[in-house]
>>> print(open('protein07.txt').read())   # compact mmCIF, C-alpha atoms
# COMPACT_ATOMS: atom_id res chain seq x y z
CA MET E 101 0.00 0.00 0.00
CA ALA E 102 1.26 3.47 -0.83
CA PHE E 103 2.13 5.44 2.26
CA ALA E 104 0.17 8.64 2.63
CA TYR E 105 2.87 10.89 4.02
CA THR E 106 4.73 13.19 1.65
CA LYS E 107 8.18 11.69 1.25
CA LEU E 108 11.10 13.83 2.32
CA THR E 109 13.25 13.55 -0.80
CA ASN E 110 17.01 14.00 -1.08
CA ASP E 111 16.71 17.37 -2.80
CA LEU E 112 14.91 18.72 0.29
CA LEU E 113 17.24 17.04 2.77
CA THR E 114 19.74 19.42 4.35
CA ASP E 115 21.80 19.48 7.51
CA ARG E 116 19.44 21.93 9.23
CA LEU E 117 15.78 21.06 8.80
CA TYR E 118 13.25 22.75 11.07
CA PHE E 119 9.91 21.27 12.12
CA ASP E 120 7.37 21.89 14.85
CA ALA E 121 7.65 18.28 16.00
CA ILE E 122 9.55 15.09 15.14
CA ILE E 123 8.03 11.63 15.53
CA ILE E 124 10.28 8.55 15.65
CA GLY E 125 8.46 5.52 14.24
CA ALA E 126 5.56 5.27 11.76
CA GLY E 127 3.61 2.46 13.39
CA ALA E 128 0.18 2.85 14.98
CA ALA E 129 1.36 5.18 17.77
CA GLY E 130 3.50 7.34 15.48
CA SER E 131 0.81 7.63 12.81
CA ILE E 132 -1.84 8.61 15.35
CA ALA E 133 0.47 11.29 16.75
CA ALA E 134 1.26 12.55 13.24
CA ALA E 135 -2.42 12.72 12.31
CA LEU E 136 -3.33 14.62 15.48
CA PHE E 137 -0.53 17.13 14.91
CA ALA E 138 -1.42 17.57 11.24
CA ARG E 139 -5.05 18.31 12.10
CA MET E 140 -3.83 21.15 14.30
CA GLY E 141 -1.70 22.59 11.50
CA ILE E 142 1.56 21.55 13.11
CA ARG E 143 4.40 20.72 10.69
CA VAL E 144 5.71 17.23 11.49
CA LEU E 145 8.66 15.10 10.37
CA VAL E 146 8.22 11.32 10.77
CA LEU E 147 11.39 9.22 10.83
CA ASP E 148 11.11 5.50 10.17
CA ALA E 149 13.85 2.89 9.79
CA GLY E 150 11.84 1.04 7.16
CA LEU E 151 12.94 1.44 3.55
CA ARG E 152 10.93 0.03 0.66
CA SER E 153 13.67 -1.22 -1.64
CA GLY E 154 13.10 -2.60 -5.13
CA PHE E 155 13.92 -6.00 -6.59
CA PHE E 156 17.40 -5.03 -7.78
CA ALA E 157 18.40 -3.82 -4.32
CA ARG E 158 17.76 -7.28 -2.82
CA PRO E 159 17.31 -9.74 -5.73
CA TYR E 160 18.13 -12.87 -3.71
CA SER E 161 15.64 -12.01 -0.97
CA TYR E 162 12.89 -10.99 -3.37
CA ALA E 163 13.18 -14.18 -5.42
CA LEU E 164 13.24 -16.35 -2.31
CA ALA E 165 10.27 -14.52 -0.79
CA HIS E 166 8.18 -15.25 -3.88
CA GLY E 167 8.92 -18.97 -3.62
CA VAL E 168 8.28 -19.06 0.13
CA ARG E 169 4.90 -17.37 -0.11
CA TYR E 170 3.92 -19.65 -2.98
CA LEU E 171 4.75 -22.92 -1.24
CA ALA E 172 3.35 -21.81 2.11
CA ARG E 173 -0.16 -21.51 0.67
CA PRO E 174 -2.37 -24.07 2.44
CA GLY E 175 -4.21 -24.82 -0.80
CA PHE E 176 -1.22 -26.92 -1.91
CA TYR E 177 -2.13 -29.54 0.69
CA ARG E 178 -4.95 -30.59 -1.64
CA PHE E 179 -2.48 -31.73 -4.27
CA PHE E 180 0.71 -32.75 -2.43
CA PRO E 181 1.29 -34.89 0.67
CA PRO E 182 2.06 -32.77 3.74
CA LYS E 183 5.46 -34.47 4.14
CA VAL E 184 6.50 -33.36 0.66
CA LEU E 185 5.44 -29.75 1.20
CA ASN E 186 7.00 -29.62 4.66
CA ALA E 187 10.28 -30.88 3.23
CA ALA E 188 10.14 -28.18 0.54
CA ARG E 189 9.44 -25.51 3.12
CA LYS E 190 12.36 -26.66 5.26
CA GLY E 191 14.57 -26.46 2.19
CA LEU E 192 13.50 -22.88 1.55
CA LYS E 193 14.30 -22.02 5.15
CA LEU E 194 17.83 -23.25 4.57
CA PHE E 195 18.13 -20.79 1.70
CA GLY E 196 16.46 -18.15 3.85
CA SER E 197 19.05 -18.60 6.59
CA VAL E 198 21.68 -17.17 4.23
CA ARG E 199 20.30 -13.66 4.71
CA GLN E 200 17.80 -14.10 7.55
CA PRO E 201 19.12 -16.77 9.93
CA ARG E 202 17.13 -15.28 12.83
CA GLN E 203 14.01 -14.09 11.06
CA CYS E 204 13.35 -17.38 9.24
CA ARG E 205 12.64 -18.95 12.64
CA PHE E 206 9.60 -16.71 13.05
CA PHE E 207 6.22 -18.13 11.95
CA ALA E 208 5.46 -14.98 9.94
CA TRP E 209 8.59 -15.46 7.80
CA GLU E 210 6.76 -17.94 5.57
CA LEU E 211 3.92 -15.48 5.06
CA ASP E 212 6.13 -12.58 3.97
CA PRO E 213 9.94 -12.75 4.41
CA MET E 214 10.30 -9.19 3.11
CA SER E 215 8.35 -7.79 6.06
CA LEU E 216 11.26 -8.77 8.34
CA VAL E 217 14.78 -7.36 8.45
CA ASP E 218 17.81 -8.78 6.71
CA ASP E 219 19.91 -10.13 9.59
CA ARG E 220 23.15 -9.65 7.64
CA ASP E 221 22.41 -5.98 7.14
CA HIS E 222 21.06 -5.51 10.68
CA PRO E 223 23.15 -7.69 13.02
CA TYR E 224 23.03 -7.55 16.79
CA THR E 225 25.03 -9.09 19.61
CA THR E 226 24.06 -10.66 22.93
CA SER E 227 25.94 -11.36 26.13
CA PRO E 228 27.25 -14.93 26.60
CA GLY E 229 24.48 -17.29 27.61
CA THR E 230 21.68 -14.87 26.63
CA ASP E 231 21.30 -15.69 22.95
CA PHE E 232 17.79 -15.14 21.62
CA ALA E 233 16.05 -14.74 18.26
CA TRP E 234 15.01 -11.11 17.91
CA PHE E 235 12.29 -10.84 15.30
CA ARG E 236 12.32 -7.36 13.79
CA ALA E 237 10.26 -5.56 11.20
CA HIS E 238 11.75 -2.59 9.38
CA GLY E 239 8.84 -1.54 7.25
CA VAL E 240 6.93 1.71 7.01
CA ASN E 241 3.88 1.18 9.25
CA GLY E 242 6.07 -0.56 11.83
CA ARG E 243 5.15 -4.07 12.97
CA MET E 244 1.80 -3.58 11.30
CA THR E 245 3.47 -4.96 8.16
CA VAL E 246 4.04 -8.41 9.71
CA PRO E 247 1.26 -10.75 8.47
CA GLY E 248 -0.88 -12.46 11.08
CA HIS E 249 0.77 -10.57 13.92
CA GLY E 250 1.14 -6.84 13.57
CA ARG E 251 -2.42 -5.71 12.83
CA GLN E 252 -4.06 -7.26 15.89
CA TYR E 253 -5.16 -4.99 18.76
CA ASN E 254 -5.87 -6.64 22.10
CA ARG E 255 -7.38 -4.37 24.71
CA ILE E 256 -6.51 -4.69 28.41
CA THR E 257 -9.72 -5.33 30.36
CA ASP E 258 -10.95 -4.41 33.84
CA ARG E 259 -9.89 -7.87 34.94
CA HIS E 260 -6.27 -7.07 34.18
CA PHE E 261 -6.37 -3.59 35.72
CA SER E 262 -7.87 -4.96 38.95
CA GLY E 263 -5.30 -7.74 39.27
CA GLU E 264 -7.85 -10.54 39.28
CA ARG E 265 -6.32 -13.94 40.05
CA GLY E 266 -4.01 -15.01 37.27
CA ALA E 267 -4.17 -11.65 35.50
CA GLY E 268 -1.06 -10.07 37.03
CA PRO E 269 -0.56 -7.32 39.64
CA GLN E 270 -3.12 -4.63 40.30
CA TRP E 271 -2.63 -1.43 38.30
CA PRO E 272 -2.65 2.03 39.90
CA ILE E 273 -5.36 3.06 37.40
CA SER E 274 -8.69 1.52 36.47
CA GLY E 275 -10.22 0.41 33.21
CA ALA E 276 -12.82 3.17 33.51
CA GLU E 277 -10.07 5.79 33.61
CA MET E 278 -8.47 4.35 30.48
CA ALA E 279 -11.73 3.83 28.56
CA PRO E 280 -11.96 7.34 27.00
CA TRP E 281 -8.39 7.04 25.69
CA TYR E 282 -8.98 3.51 24.41
CA ASP E 283 -12.13 4.67 22.64
CA ARG E 284 -10.37 7.61 20.99
CA VAL E 285 -7.53 5.46 19.68
CA SER E 286 -9.94 2.71 18.59
CA GLY E 287 -11.95 5.25 16.66
CA MET E 288 -8.91 6.63 14.85
CA LEU E 289 -7.71 3.16 13.92
CA GLY E 290 -11.15 2.08 12.71
CA LEU E 291 -11.83 -0.32 15.57
CA ASP E 292 -15.30 -0.41 17.06
CA ALA E 293 -15.11 0.56 20.74
CA SER E 294 -17.00 -2.59 21.72
CA GLY E 295 -14.64 -4.81 19.75
CA GLU E 296 -17.33 -5.89 17.29
CA GLN E 297 -16.29 -6.19 13.66
CA THR E 298 -17.96 -5.47 10.37
CA PRO E 299 -18.51 -7.34 8.18
CA PRO E 300 -19.73 -10.15 10.46
CA MET E 301 -18.19 -13.63 10.55
CA THR E 302 -18.10 -15.56 7.31
CA SER E 303 -19.85 -18.94 7.28
CA ALA E 304 -16.44 -20.64 7.64
CA GLU E 305 -15.53 -18.52 10.67
CA ALA E 306 -18.96 -19.08 12.22
CA ALA E 307 -18.65 -22.85 11.71
CA LEU E 308 -15.27 -22.93 13.45
CA ALA E 309 -16.60 -20.80 16.32
CA ALA E 310 -19.57 -23.16 16.73
CA ALA E 311 -17.30 -26.21 16.75
CA LEU E 312 -15.14 -24.65 19.45
CA GLN E 313 -18.16 -23.84 21.60
CA GLU E 314 -19.51 -27.34 21.16
CA ARG E 315 -16.23 -28.68 22.53
CA TRP E 316 -15.93 -26.01 25.27
CA PRO E 317 -19.38 -24.48 25.99
CA ASP E 318 -18.05 -21.61 28.11
CA LEU E 319 -15.60 -20.52 25.41
CA ALA E 320 -16.60 -17.36 23.54
CA PRO E 321 -14.62 -17.09 20.27
CA GLU E 322 -14.77 -13.69 18.62
CA LEU E 323 -13.23 -11.99 15.65
CA GLY E 324 -9.80 -10.56 16.37
CA ARG E 325 -9.58 -6.79 16.50
CA SER E 326 -7.66 -5.91 13.35
CA ALA E 327 -7.42 -2.56 11.59
CA ASP E 328 -6.24 -1.14 8.31
CA TRP E 329 -2.76 0.33 7.82
CA PRO E 330 -2.30 3.33 10.13
CA ALA E 331 -1.00 5.37 7.18
CA ARG E 332 -4.57 6.01 6.14
CA LEU E 333 -4.93 8.28 9.19
CA VAL E 334 -3.15 11.10 7.39
CA GLU E 335 -4.60 10.67 3.89
CA GLU E 336 -7.07 13.49 4.53
CA GLN E 337 -4.48 15.79 6.09
CA PRO E 338 -2.68 18.59 4.20
CA ALA E 339 0.35 16.91 2.63
CA ASP E 340 2.69 19.75 3.59
CA ASN E 341 1.97 19.21 7.28
CA VAL E 342 3.50 15.73 7.49
CA GLN E 343 6.70 14.52 5.85
CA LEU E 344 8.23 11.04 6.09
CA ARG E 345 11.87 10.05 5.80
CA GLU E 346 12.26 6.33 5.17
CA GLY E 347 15.43 4.43 6.01
CA ALA E 348 16.11 6.75 8.94
CA SER E 349 17.62 4.83 11.83
CA VAL E 350 17.69 7.29 14.72
CA LYS E 351 21.04 7.58 16.43
CA GLN E 352 20.25 10.03 19.21
CA VAL E 353 17.98 12.71 20.57
CA ASP E 354 19.92 15.98 20.49
CA VAL E 355 20.06 18.39 23.45
CA ASP E 356 22.05 21.54 24.09
CA ALA E 357 24.56 22.10 26.92
CA SER E 358 21.75 22.91 29.37
CA GLY E 359 19.84 19.72 28.50
CA ARG E 360 17.17 21.48 26.43
CA LEU E 361 15.80 19.45 23.53
CA GLU E 362 17.08 20.48 20.09
CA GLY E 363 16.08 17.71 17.66
CA VAL E 364 17.15 14.32 16.34
CA THR E 365 20.14 12.83 14.49
CA TRP E 366 19.75 9.71 12.36
CA ILE E 367 21.74 7.45 10.05
CA ASP E 368 20.22 7.77 6.61
CA ALA E 369 20.17 4.56 4.55
CA GLU E 370 19.74 6.30 1.20
CA THR E 371 22.46 8.93 1.53
CA ARG E 372 24.65 6.71 3.79
CA SER E 373 25.36 9.67 6.04
CA GLU E 374 24.33 11.27 9.32
CA GLN E 375 21.46 13.71 9.02
CA SER E 376 19.72 15.89 11.59
CA ALA E 377 16.57 17.91 12.04
CA LYS E 378 15.55 20.49 14.62
CA ALA E 379 12.30 20.58 16.61
CA PRO E 380 11.19 21.60 20.12
CA ILE E 381 9.07 18.44 20.49
CA VAL E 382 10.11 14.81 19.88
CA PHE E 383 7.82 11.81 20.24
CA VAL E 384 9.63 8.45 20.55
CA CYS E 385 7.17 5.92 19.10
CA ALA E 386 9.69 3.26 18.12
CA SER E 387 9.67 -0.41 19.16
CA ARG E 388 10.44 -1.24 22.77
CA SER E 389 14.19 -1.90 22.33
CA LYS E 390 14.76 0.94 19.88
CA HIS E 391 12.83 3.21 22.21
CA ALA E 392 15.26 2.48 25.05
CA ASP E 393 18.23 2.73 22.70
CA THR E 394 17.12 6.16 21.46
CA LEU E 395 16.65 7.52 24.97
CA ASN E 396 20.16 6.31 25.77
CA SER E 397 21.41 9.46 24.04
CA LYS E 398 24.46 10.70 25.96
CA SER E 399 25.60 14.29 26.22
CA LYS E 400 27.25 16.65 28.69
CA ALA E 401 23.84 17.33 30.22
CA PHE E 402 23.00 13.59 30.35
CA PRO E 403 26.30 11.65 30.63
CA ASP E 404 24.46 8.35 31.22
CA GLY E 405 21.66 8.99 28.74
CA ILE E 406 18.30 10.74 28.84
CA GLY E 407 16.14 9.17 31.52
CA ALA E 408 18.93 6.94 32.82
CA ASP E 409 18.90 8.55 36.27
CA GLY E 410 15.81 6.54 37.20
CA GLY E 411 17.67 3.25 36.78
CA ALA E 412 14.90 1.64 34.70
CA LEU E 413 15.96 2.60 31.16
CA GLY E 414 16.45 -0.54 29.09
CA LYS E 415 15.01 -2.80 31.79
CA TYR E 416 11.60 -4.38 32.39
CA LEU E 417 10.85 -4.52 28.68
CA MET E 418 7.65 -6.30 27.67
CA ASP E 419 7.05 -8.40 24.60
CA HIS E 420 4.68 -11.07 23.34
CA VAL E 421 5.38 -14.73 24.07
CA LEU E 422 4.16 -16.78 21.13
CA VAL E 423 3.85 -20.49 20.40
CA SER E 424 2.77 -21.43 16.87
CA ALA E 425 1.04 -24.57 15.64
CA GLN E 426 -0.84 -25.54 12.49
CA GLY E 427 -2.94 -28.43 11.29
CA ILE E 428 -5.23 -29.73 8.58
CA GLY E 429 -8.91 -30.34 9.24
CA PRO E 430 -12.11 -31.07 7.35
CA GLY E 431 -13.39 -28.56 4.85
CA LEU E 432 -15.30 -25.54 6.13
CA PRO E 433 -18.52 -24.24 4.58
CA GLY E 434 -18.51 -21.25 2.34
CA GLY E 435 -16.32 -22.42 -0.54
CA GLY E 436 -14.43 -19.42 -1.85
CA GLU E 437 -15.85 -17.37 1.02
CA ALA E 438 -13.50 -19.30 3.32
CA LYS E 439 -10.69 -17.15 1.99
CA THR E 440 -10.32 -14.77 4.90
CA VAL E 441 -9.38 -11.12 4.97
CA GLU E 442 -5.68 -10.50 5.54
CA ASP E 443 -4.77 -10.65 9.24
CA ARG E 444 -8.30 -11.59 10.22
CA CYS E 445 -8.68 -14.35 12.78
CA LEU E 446 -10.81 -15.86 15.52
CA TYR E 447 -9.63 -15.20 19.04
CA ALA E 448 -10.44 -17.31 22.10
CA ALA E 449 -9.53 -15.74 25.44
CA ARG E 450 -8.75 -17.70 28.62
CA MET E 451 -7.92 -20.83 26.63
CA HIS E 452 -5.65 -21.92 29.49
CA ARG E 453 -8.73 -23.13 31.36
CA HIS E 454 -9.15 -25.89 28.79
CA ALA E 455 -5.53 -27.02 28.61
CA ASP E 456 -4.56 -30.47 29.90
CA ARG E 457 -3.03 -28.77 32.91
CA ASP E 458 -4.58 -25.52 34.05
CA SER E 459 -1.95 -22.80 33.78
CA ALA E 460 -1.40 -20.16 36.43
CA HIS E 461 -0.65 -17.76 33.60
CA PRO E 462 -3.60 -16.99 31.30
CA PHE E 463 -3.23 -17.26 27.56
CA GLY E 464 -5.48 -16.91 24.55
CA VAL E 465 -5.44 -18.55 21.14
CA GLN E 466 -5.45 -16.70 17.83
CA MET E 467 -6.75 -18.81 14.94
CA PRO E 468 -6.42 -17.54 11.38
CA LEU E 469 -8.37 -19.55 8.81
CA ALA E 470 -6.14 -20.39 5.89
CA ALA E 471 -8.73 -22.36 3.92
CA GLY E 472 -9.07 -21.32 0.31
CA ARG E 473 -5.88 -19.25 0.11
>>> encode(input="protein07.txt", output="structure tokens")
Amino acid sequence: MAFAYTKLTNDLLTDRLYFDAIIIGAGAAGSIAAALFARMGIRVLVLDAGLRSGFFARPYSYALAHGVRYLARPGFYRFFPPKVLNAARKGLKLFGSVRQPRQCRFFAWELDPMSLVDDRDHPYTTSPGTDFAWFRAHGVNGRMTVPGHGRQYNRITDRHFSGERGAGPQWPISGAEMAPWYDRVSGMLGLDASGEQTPPMTSAEAALAAALQERWPDLAPELGRSADWPARLVEEQPADNVQLREGASVKQVDVDASGRLEGVTWIDAETRSEQSAKAPIVFVCASRSKHADTLNSKSKAFPDGIGADGGALGKYLMDHVLVSAQGIGPGLPGGGEAKTVEDRCLYAARMHRHADRDSAHPFGVQMPLAAGR
């Protein structure tokens, strides 16, 4: 999808750009902030590390991605034995590990390898004994570009805020206090405040929901809360109010000798140089790790980094814990209708109650229907 922001082109890029505000990250949070600023007539620069490169920039990855997406289509199971297709998919992962040894371990890699970073171009290191697979998306729209993962919005309920058994510690705020903010964001993203979706369930989705309830009567499957690309939020805004620079990996937040905010410096992928822009307001809307890394900007005023004096910067980070599984079942009603909308799924909360061993930690199950694809 074409991004709605006006692109900040090289001929406009100088060492001293001035804006009313700078937003780091063009995901849901960054796009909402940009849209709100633009509606007020505030001139905004959005910096995003994602860079939409063409085929000739990454020919190996593009060719491999086409083959991966083709073989990963569930419709092939009608014509080939699962063992044959699984062997082919494992073979493609071996080729994928040449450029994406970490990312190809992520379930979404088979859906769209190009939505994830090239590990060779974006390496990272870990301390001994702490190795982990860091799945990263460098695409305009943030993690929203990751199929089956990024465009789902799960809302924290009163149960979580109150610290009900198994739901974590009690929060210092209530769900009622958060509701107006939730509703405003839901409205901007195109999510119904109640969580209901339109159009309603397809016959295939309804059949699966009924089968689940027949097995577990107290289960209440519902459509996952997915939304369109956040870029659409600024389509109606004056183009001159919001500009986007792709391939901008932010290096630091700039401050003067007194600690007053000046702007942002980034490493520009297209010009292969450091660039900077000035603004009195900076919103850091990057991913959790990049957020902490950006605030770790050191200067004479902040020798240990902005916000480091509290001792929490870079610690207590939260992320999703995912376990993936897939299977083949009987045909679902609806024929071609069974082909679901991208990133649409059924979601069953509190599935841990029906596990073989009741878990002290609640979990839900997200079920995309792949039939007909």
>>> atom_distance(input="protein07.txt", atom1="CA of Met451 in chain E", atom2="CA of Ala279 in chain E")
25.0 Å
>>> atom_distance(input="protein07.txt", atom1="CA of Arg243 in chain E", atom2="CA of Ser215 in chain E")
8.5 Å
>>> closest_atom_pairs(input="protein07.txt", of="range 375-412 of chain E", to="range 366-369 of chain E", cutoff="12 Å", atoms="all atoms listed in the file", output="tab-separated table")
residue	atom	partner	partner_atom	distance
E:Gln375	CA	E:Trp366	CA	5.5
E:Ser376	CA	E:Trp366	CA	6.2
E:Ala377	CA	E:Trp366	CA	8.8
E:Lys378	CA	E:Trp366	CA	11.8
E:Thr394	CA	E:Trp366	CA	10.1
E:Ser397	CA	E:Trp366	CA	11.8
>>> residues_around(input="protein07.txt", residues="Ala188 in chain E", least_positions_apart="3", cutoff="12 Å", atoms="all atoms listed in the file", output="list of chain:residue names")
E:Gly167, E:Val168, E:Tyr170, E:Leu171, E:Ala172, E:Phe176, E:Phe180, E:Pro181, E:Pro182, E:Lys183, E:Val184, E:Leu185, E:Gly191, E:Leu192, E:Lys193, E:Leu194, E:Phe195, E:Glu210
>>> closest_residue(input="protein07.txt", among="E:Ile256, E:Val465, E:Ala121, E:Ala320", to="Ala276 in chain E", atoms="only C-alpha atoms")
E:Ile256
>>> closest_residue(input="protein07.txt", among="E:Ala126, E:Gly275, E:Ala307, E:Gly363", to="Thr245 in chain E", atoms="all atoms listed in the file")
E:Ala126
>>> closest_atom_pairs(input="protein07.txt", of="range 196-262 of chain E", to="range 343-359 of chain E", cutoff="9 Å", atoms="only C-alpha atoms", output="tab-separated table")
residue	atom	partner	partner_atom	distance
E:His238	CA	E:Gly347	CA	8.6
E:Gly239	CA	E:Glu346	CA	8.8
E:Val240	CA	E:Glu346	CA	7.3
>>> closest_residue(input="protein07.txt", among="E:Ser153, E:Thr226, E:Ser326, E:Ser389", to="Gly414 in chain E", atoms="all atoms listed in the file")
E:Ser389
>>> closest_residue(input="protein07.txt", among="E:Ala233, E:Val342, E:Asp409, E:Cys445", to="Gly324 in chain E", atoms="only C-alpha atoms")
E:Cys445
>>> closest_residue(input="protein07.txt", among="E:Ala425, E:Met288, E:Leu216, E:Leu312", to="Leu151 in chain E", atoms="all atoms listed in the file")
E:Leu216
>>> residues_around(input="protein07.txt", residues="Ala237 in chain E", least_positions_apart="6", cutoff="10 Å", atoms="only C-alpha atoms", output="PyMOL selection string")
chain E and resi 149-150+203+213-218+243-246+250+387
>>> residues_near_point(input="protein07.txt", point="(-16.8, -19.1, 11.9)", cutoff="10 Å", atoms="all atoms listed in the file", output="PyMOL selection string")
chain E and resi 300-312+321-323+432-434+438+445-446+469
>>> atom_distance(input="protein07.txt", atom1="CA of Val384 in chain E", atom2="CA of Gly125 in chain E")
7.1 Å
